[in-house]
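Notes for the one structure printed next.
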Amino acid sequence: MITLHIYLTTRPGQGGALEDLYQRVYVPAITKQEGFRSTTLVRAYESETQYEIDIAFETEAQRQAWAEGADHTATWPQIVALCADFSAQGFDILA
């Protein structure tokens, strides 16, 4: 299994919009993907702008299929539009 950690810095005042978009649009789009296992949205303690989306798929190939698919193409730009910066790091889940 693999996990991708996506680190987001929202634009000032956009945290609530990100939280809403994640629940209303992102979760329904990703949960129907083949190999999908989980997703979470977290915010750093005492921060209004530092967020992380963690996703898990059975394989990296399945995650890449999601990233290249129509649902991601429709969803991800909406998230990016709320952010000043973002980066990501992938991991193999070992235990």
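The way I read the labels, and the way they are meant: chains A, B, ... in the order of the structure tokens, residue 1 as the first residue of every chain, and ligand 1 as the first ligand shown, with later ones counted on from there.
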Next item on the list: Find the spatial neighbours of region 81-85 of chain A, counting only C-alpha atoms, within a cut-off of 8 Å - ignore same-chain residues fewer than 5 positions away - and output them as a PyMOL selection string.
Entry: chain A and resi 8-11+14+17-18
Now that the selection is made, can you save its residues with C-alpha atoms as a PDB file, in the first residue's frame?
ATOM      1  CA  LEU A   8      -1.029  22.880   1.555  1.00  0.00           C
ATOM      2  CA  THR A   9      -0.712  26.503   2.593  1.00  0.00           C
ATOM      3  CA  THR A  10      -4.021  28.210   1.957  1.00  0.00           C
ATOM      4  CA  ARG A  11      -4.363  31.827   1.036  1.00  0.00           C
ATOM      5  CA  GLN A  14      -9.470  30.335   2.545  1.00  0.00           C
ATOM      6  CA  ALA A  17     -13.399  27.026   1.802  1.00  0.00           C
ATOM      7  CA  LEU A  18     -10.750  24.289   1.580  1.00  0.00           C
TER       8      LEU A  18
END
Next item on the list: List every residue of region 36-93 of chain A that DSSP, applied to the backbone, labels as alpha helix (DSSP H), and write the result as a count of residues only.
Entry: 20
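What separates CA of Glu58 (chain A) from CA of Gly35 (chain A) is a distance of 5.0 Å.
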Next item on the list: Name the residues of chain A that come out as strand (DSSP E) in a backbone DSSP run; write them as JSON, numbers by chain.
Entry: {"A": [2, 3, 4, 5, 6, 7, 8, 9, 10, 36, 37, 38, 39, 40, 41, 42, 43, 50, 51, 52, 53, 54, 55, 56, 57, 83, 84, 85, 86, 87, 88, 89, 90, 91, 92]}
May I have the selected residues written with N, CA and C atoms, as a compact mmCIF listing (two decimals), in the first residue's frame?
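Resulting contents of result.txt:
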# COMPACT_ATOMS: atom_id res chain seq x y z
N ILE A 2 0.40 2.33 -0.56
CA ILE A 2 1.15 3.58 -0.62
C ILE A 2 0.32 4.71 -0.02
N THR A 3 1.01 5.76 0.39
CA THR A 3 0.34 6.96 0.87
C THR A 3 1.01 8.18 0.27
N LEU A 4 0.23 9.19 -0.01
CA LEU A 4 0.73 10.46 -0.50
C LEU A 4 0.31 11.52 0.50
N HIS A 5 1.27 12.31 0.96
CA HIS A 5 1.00 13.42 1.87
C HIS A 5 1.13 14.71 1.07
N ILE A 6 0.06 15.46 1.02
CA ILE A 6 0.01 16.70 0.26
C ILE A 6 -0.04 17.85 1.26
N TYR A 7 0.98 18.69 1.25
CA TYR A 7 1.11 19.79 2.19
C TYR A 7 0.61 21.07 1.52
N LEU A 8 -0.37 21.72 2.15
CA LEU A 8 -1.03 22.88 1.55
C LEU A 8 -0.90 24.09 2.47
N THR A 9 -0.62 25.23 1.89
CA THR A 9 -0.71 26.50 2.59
C THR A 9 -1.80 27.29 1.90
N THR A 10 -2.92 27.49 2.58
CA THR A 10 -4.02 28.21 1.96
C THR A 10 -3.73 29.71 1.95
N PHE A 36 -8.55 2.79 -4.00
CA PHE A 36 -8.61 3.79 -2.94
C PHE A 36 -8.76 3.11 -1.58
N ARG A 37 -8.03 3.59 -0.58
CA ARG A 37 -8.13 3.06 0.78
C ARG A 37 -8.57 4.10 1.80
N SER A 38 -8.02 5.31 1.75
CA SER A 38 -8.41 6.31 2.75
C SER A 38 -7.93 7.69 2.34
N THR A 39 -8.56 8.69 2.96
CA THR A 39 -8.10 10.07 2.84
C THR A 39 -8.45 10.80 4.14
N THR A 40 -7.58 11.71 4.52
CA THR A 40 -7.84 12.57 5.68
C THR A 40 -7.36 13.98 5.36
N LEU A 41 -8.02 14.93 5.97
CA LEU A 41 -7.59 16.32 5.91
C LEU A 41 -7.27 16.74 7.33
N VAL A 42 -6.07 17.26 7.54
CA VAL A 42 -5.68 17.74 8.86
C VAL A 42 -5.17 19.17 8.75
N ARG A 43 -5.28 19.88 9.87
CA ARG A 43 -4.75 21.25 9.94
C ARG A 43 -3.77 21.30 11.10
N GLN A 50 -2.11 26.15 7.39
CA GLN A 50 -1.30 24.95 7.15
C GLN A 50 -2.15 23.69 7.22
N TYR A 51 -2.34 23.04 6.08
CA TYR A 51 -3.16 21.84 5.97
C TYR A 51 -2.36 20.70 5.35
N GLU A 52 -2.89 19.51 5.50
CA GLU A 52 -2.31 18.34 4.86
C GLU A 52 -3.45 17.41 4.45
N ILE A 53 -3.40 16.95 3.22
CA ILE A 53 -4.30 15.90 2.76
C ILE A 53 -3.46 14.64 2.62
N ASP A 54 -3.88 13.58 3.27
CA ASP A 54 -3.21 12.29 3.16
C ASP A 54 -4.15 11.34 2.44
N ILE A 55 -3.62 10.66 1.43
CA ILE A 55 -4.42 9.67 0.71
C ILE A 55 -3.66 8.35 0.68
N ALA A 56 -4.39 7.26 0.64
CA ALA A 56 -3.78 5.93 0.54
C ALA A 56 -4.48 5.14 -0.56
N PHE A 57 -3.65 4.46 -1.35
CA PHE A 57 -4.13 3.57 -2.40
C PHE A 57 -3.41 2.25 -2.25
N CYS A 83 -4.95 27.90 -2.57
CA CYS A 83 -3.66 27.78 -1.91
C CYS A 83 -2.62 28.76 -2.42
N ALA A 84 -1.76 29.18 -1.50
CA ALA A 84 -0.60 29.99 -1.86
C ALA A 84 0.56 29.09 -2.25
N ASP A 85 0.57 27.86 -1.72
CA ASP A 85 1.67 26.94 -1.99
C ASP A 85 1.21 25.52 -1.67
N PHE A 86 1.83 24.54 -2.34
CA PHE A 86 1.59 23.14 -2.00
C PHE A 86 2.77 22.30 -2.46
N SER A 87 2.94 21.17 -1.80
CA SER A 87 3.94 20.19 -2.19
C SER A 87 3.43 18.83 -1.76
N ALA A 88 4.11 17.78 -2.21
CA ALA A 88 3.66 16.42 -1.88
C ALA A 88 4.85 15.49 -1.73
N GLN A 89 4.65 14.46 -0.93
CA GLN A 89 5.66 13.42 -0.73
C GLN A 89 4.96 12.08 -0.66
N GLY A 90 5.41 11.12 -1.46
CA GLY A 90 4.84 9.79 -1.44
C GLY A 90 5.66 8.84 -0.58
N PHE A 91 4.99 7.83 -0.03
CA PHE A 91 5.62 6.84 0.83
C PHE A 91 5.04 5.46 0.55
N ASP A 92 5.87 4.45 0.70
CA ASP A 92 5.40 3.08 0.77
C ASP A 92 5.01 2.81 2.22
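Note that CA of Gln33 (chain A) and CA of Asp20 (chain A) are 20.5 Å apart.
Note that CA of Ala61 (chain A) and CA of Val27 (chain A) are 19.5 Å apart.
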